[in-house]
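S.K.: Below is coords_20.txt; it holds compact mmCIF, C-alpha atoms.
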```txt
# COMPACT_ATOMS: atom_id res chain seq x y z
CA MET A 1 5.03 -13.69 3.71
CA ALA A 2 6.60 -15.45 6.49
CA GLY A 3 4.86 -18.66 7.30
CA ALA A 4 3.55 -19.58 3.91
CA GLY A 5 6.17 -22.31 3.82
CA ALA A 6 4.29 -24.10 6.54
CA ALA A 7 2.06 -25.36 3.75
CA GLY A 8 4.79 -27.85 3.08
CA ALA A 9 6.33 -27.49 -0.30
CA SER A 10 6.64 -23.81 -1.08
CA ARG A 11 9.84 -22.86 0.71
CA GLY A 12 12.62 -23.67 3.08
CA LEU A 13 12.89 -21.28 6.00
CA GLY A 14 15.71 -20.40 8.33
CA ALA A 15 14.60 -17.76 10.82
CA ARG A 16 16.02 -16.23 13.96
CA ALA A 17 14.23 -13.80 16.28
CA TYR A 18 16.22 -10.87 17.67
CA SER A 19 14.10 -9.16 20.33
CA ARG A 20 11.73 -7.05 18.21
CA SER A 21 12.71 -8.40 14.77
CA THR A 22 12.87 -11.75 13.04
CA VAL A 23 15.36 -12.35 10.23
CA ALA A 24 14.61 -15.13 7.74
CA TYR A 25 16.40 -16.65 4.77
CA GLU A 26 13.80 -18.23 2.50
CA THR A 27 14.10 -20.45 -0.56
CA MET A 28 10.90 -20.95 -2.52
CA LYS A 29 10.55 -24.57 -3.64
CA GLN A 30 7.52 -24.14 -5.91
CA ASP A 31 5.09 -21.53 -7.18
CA MET A 32 2.37 -20.79 -4.66
CA ASP A 33 -0.46 -18.35 -4.06
CA PRO A 34 -0.87 -18.50 -0.26
CA ALA A 35 -3.79 -16.04 -0.13
CA SER A 36 -6.13 -18.52 1.55
CA LEU A 37 -3.71 -18.86 4.48
CA PHE A 38 -4.32 -15.23 5.46
CA ARG A 39 -8.09 -15.62 5.93
CA GLY A 40 -9.04 -14.32 9.34
CA LEU A 41 -6.57 -11.43 9.37
CA PRO A 42 -7.90 -7.90 8.74
CA ASP A 43 -9.03 -7.70 5.10
CA ASP A 44 -7.78 -11.33 4.76
CA ARG A 45 -4.30 -9.93 4.04
CA CYS A 46 -0.94 -10.06 5.79
CA GLN A 47 -0.71 -7.21 8.30
CA CYS A 48 2.96 -7.76 9.15
CA PRO A 49 5.43 -5.37 7.51
CA HIS A 50 8.46 -6.99 5.86
CA TRP A 51 11.75 -5.55 4.65
CA GLY A 52 13.99 -7.68 2.48
CA GLN A 53 16.16 -8.29 -0.51
CA VAL A 54 15.56 -10.64 -3.41
CA LEU A 55 18.75 -12.69 -3.81
CA SER A 56 17.40 -14.52 -6.86
CA GLY A 57 14.08 -14.82 -8.67
CA ARG A 58 11.06 -12.63 -8.05
CA ILE A 59 8.36 -11.94 -5.50
CA VAL A 60 5.07 -10.07 -5.90
CA PHE A 61 3.14 -8.20 -3.20
CA ARG A 62 -0.51 -7.71 -4.16
CA TYR A 63 -2.41 -4.86 -2.53
CA ALA A 64 -6.09 -3.95 -2.91
CA ASP A 65 -5.26 -1.30 -5.53
CA HIS A 66 -1.92 -2.37 -7.09
CA ASP A 67 0.83 -4.99 -7.32
CA GLU A 68 4.53 -4.52 -6.60
CA VAL A 69 7.03 -6.83 -8.32
CA PHE A 70 10.60 -7.28 -7.10
CA HIS A 71 13.39 -9.09 -8.97
CA THR A 72 16.93 -10.31 -8.24
CA GLY A 73 18.91 -7.59 -6.49
CA ASP A 74 15.90 -5.50 -5.47
CA ALA A 75 15.36 -4.38 -1.90
CA TYR A 76 11.70 -4.32 -0.91
CA TYR A 77 9.19 -3.22 1.68
CA GLY A 78 5.99 -5.24 2.02
CA ALA A 79 3.56 -2.92 3.77
CA PRO A 80 0.67 -4.22 5.89
CA GLY A 81 -2.25 -5.22 3.69
CA HIS A 82 -0.38 -7.32 1.15
CA LEU A 83 -0.80 -10.81 -0.28
CA PRO A 84 2.38 -12.43 -1.55
CA LEU A 85 2.86 -14.48 -4.69
CA ILE A 86 5.71 -16.98 -4.38
CA PHE A 87 7.75 -18.29 -7.33
CA ALA A 88 9.92 -21.42 -7.45
CA GLY A 89 13.64 -20.78 -7.19
CA THR A 90 13.29 -17.40 -5.49
CA GLU A 91 15.59 -16.71 -2.55
CA ILE A 92 15.12 -13.80 -0.17
CA VAL A 93 16.43 -12.42 3.09
CA GLU A 94 13.56 -10.86 5.02
CA PHE A 95 13.21 -8.83 8.21
CA SER A 96 9.86 -8.72 10.04
CA LEU A 97 8.60 -7.33 13.32
CA THR A 98 8.40 -10.37 15.59
CA ALA A 99 5.13 -9.54 17.41
CA GLU A 100 3.26 -8.87 14.14
CA LEU A 101 4.81 -11.92 12.51
CA ASN A 102 3.74 -14.14 15.41
CA ARG A 103 0.14 -12.88 15.19
CA THR A 104 0.15 -13.63 11.46
CA MET A 105 1.66 -17.08 11.97
CA GLU A 106 -1.06 -17.98 14.49
CA VAL A 107 -3.74 -17.36 11.86
CA ILE A 108 -1.76 -19.18 9.16
CA GLY A 109 -1.30 -22.14 11.51
CA ARG A 110 -5.04 -22.36 12.18
CA ASN A 111 -5.78 -22.20 8.44
CA LEU A 112 -3.25 -24.94 7.72
CA ALA A 113 -4.70 -27.12 10.48
CA GLY A 114 -8.19 -26.63 9.05
CA ALA A 115 -7.01 -27.45 5.53
CA SER A 116 -5.44 -30.73 6.64
CA SER A 117 -8.50 -31.90 8.59
```
Translate the structure described by the file into structure tokens.

M.R.:
Amino acid sequence: MAGAGAAGASRGLGARAYSRSTVAYETMKQDMDPASLFRGLPDDRCQCPHWGQVLSGRIVFRYADHDEVFHTGDAYYGAPGHLPLIFAGTEIVEFSLTAELNRTMEVIGRNLAGASS
């Protein structure tokens, strides 16, 4: 999920990298399906694993064969191969592997640049 906020209006992001892991506090500003931002990654899905907790709201991780829905108070694991659905008002704390997150963010950045051209 990390990086979808770069689209502008979906979330606020406070992130800090600690060697191998990045910790982020995210507030979703509006509903968003960021699937198109992951085009170019294997299977056009996020390949970065994420661990987190939903502080408020809900988040959905869509996989090729199922969806996983997490609500306020739930801890979650987003395995590689997911596509997130983002809902307004959701707040999460999320932990991601920095190297994988950076590779994902490079692709998302290119897709955002292409969308704004």

S.K.: So, counting all atoms listed in the file, which residue among A:Leu97, A:Leu85, A:Ala35, A:Ala64 is closest to His50 in chain A?

M.R.: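 Under the stated criterion, the closest residue is A:Leu97.
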
S.K.: Could you please determine the separation between CA of Thr22 in chain A and CA of Asp65 in chain A in Å, to one decimal place?

M.R.: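 Going from CA of Thr22 in chain A over to CA of Asp65 in chain A covers 28.0 Å.
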
S.K.: Calculated over only C-alpha atoms, which of the candidates A:Ser116, A:Gln47, A:Asn102, A:Thr27 has the smallest distance to Ala79 in chain A?

M.R.: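 Of A:Ser116, A:Gln47, A:Asn102, A:Thr27, the one nearest Ala79 in chain A, counting only C-alpha atoms, is A:Gln47.
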
S.K.: Smallest atom-to-atom distance to Gly78 in chain A: which of A:Val23, A:Ile92, A:Ala115, A:Cys48, using all atoms listed in the file?

M.R.: A:Cys48

S.K.: Between CA of Phe61 in chain A and CA of Leu83 in chain A, what distance in Å does the model show, to one decimal?

M.R.: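 The value is 5.6 Å.
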
S.K.: In terms of the shortest atom-to-atom distance over all atoms listed in the file, which of A:Thr98, A:Gly52, A:Tyr25, A:His82 is closest to His66 in chain A?

M.R.: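 Comparing A:Thr98, A:Gly52, A:Tyr25, A:His82 against His66 in chain A, the winner is A:His82.
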
S.K.: Excluding Arg110 in chain A and its own-chain neighbours fewer than 6 positions away, which residues fall within 10 Å of it when counting only C-alpha atoms? Please give them as a PDB file with C-alpha atoms, in the frame of the given file.

M.R.:
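After the write, around37.pdb holds the following:
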```
ATOM      1  CA  LEU A  37      -3.710 -18.860   4.480  1.00  0.00           C
ATOM      2  CA  PHE A  38      -4.320 -15.230   5.460  1.00  0.00           C
ATOM      3  CA  ARG A  39      -8.090 -15.620   5.930  1.00  0.00           C
ATOM      4  CA  GLY A  40      -9.040 -14.320   9.340  1.00  0.00           C
TER       5      GLY A  40
END
```
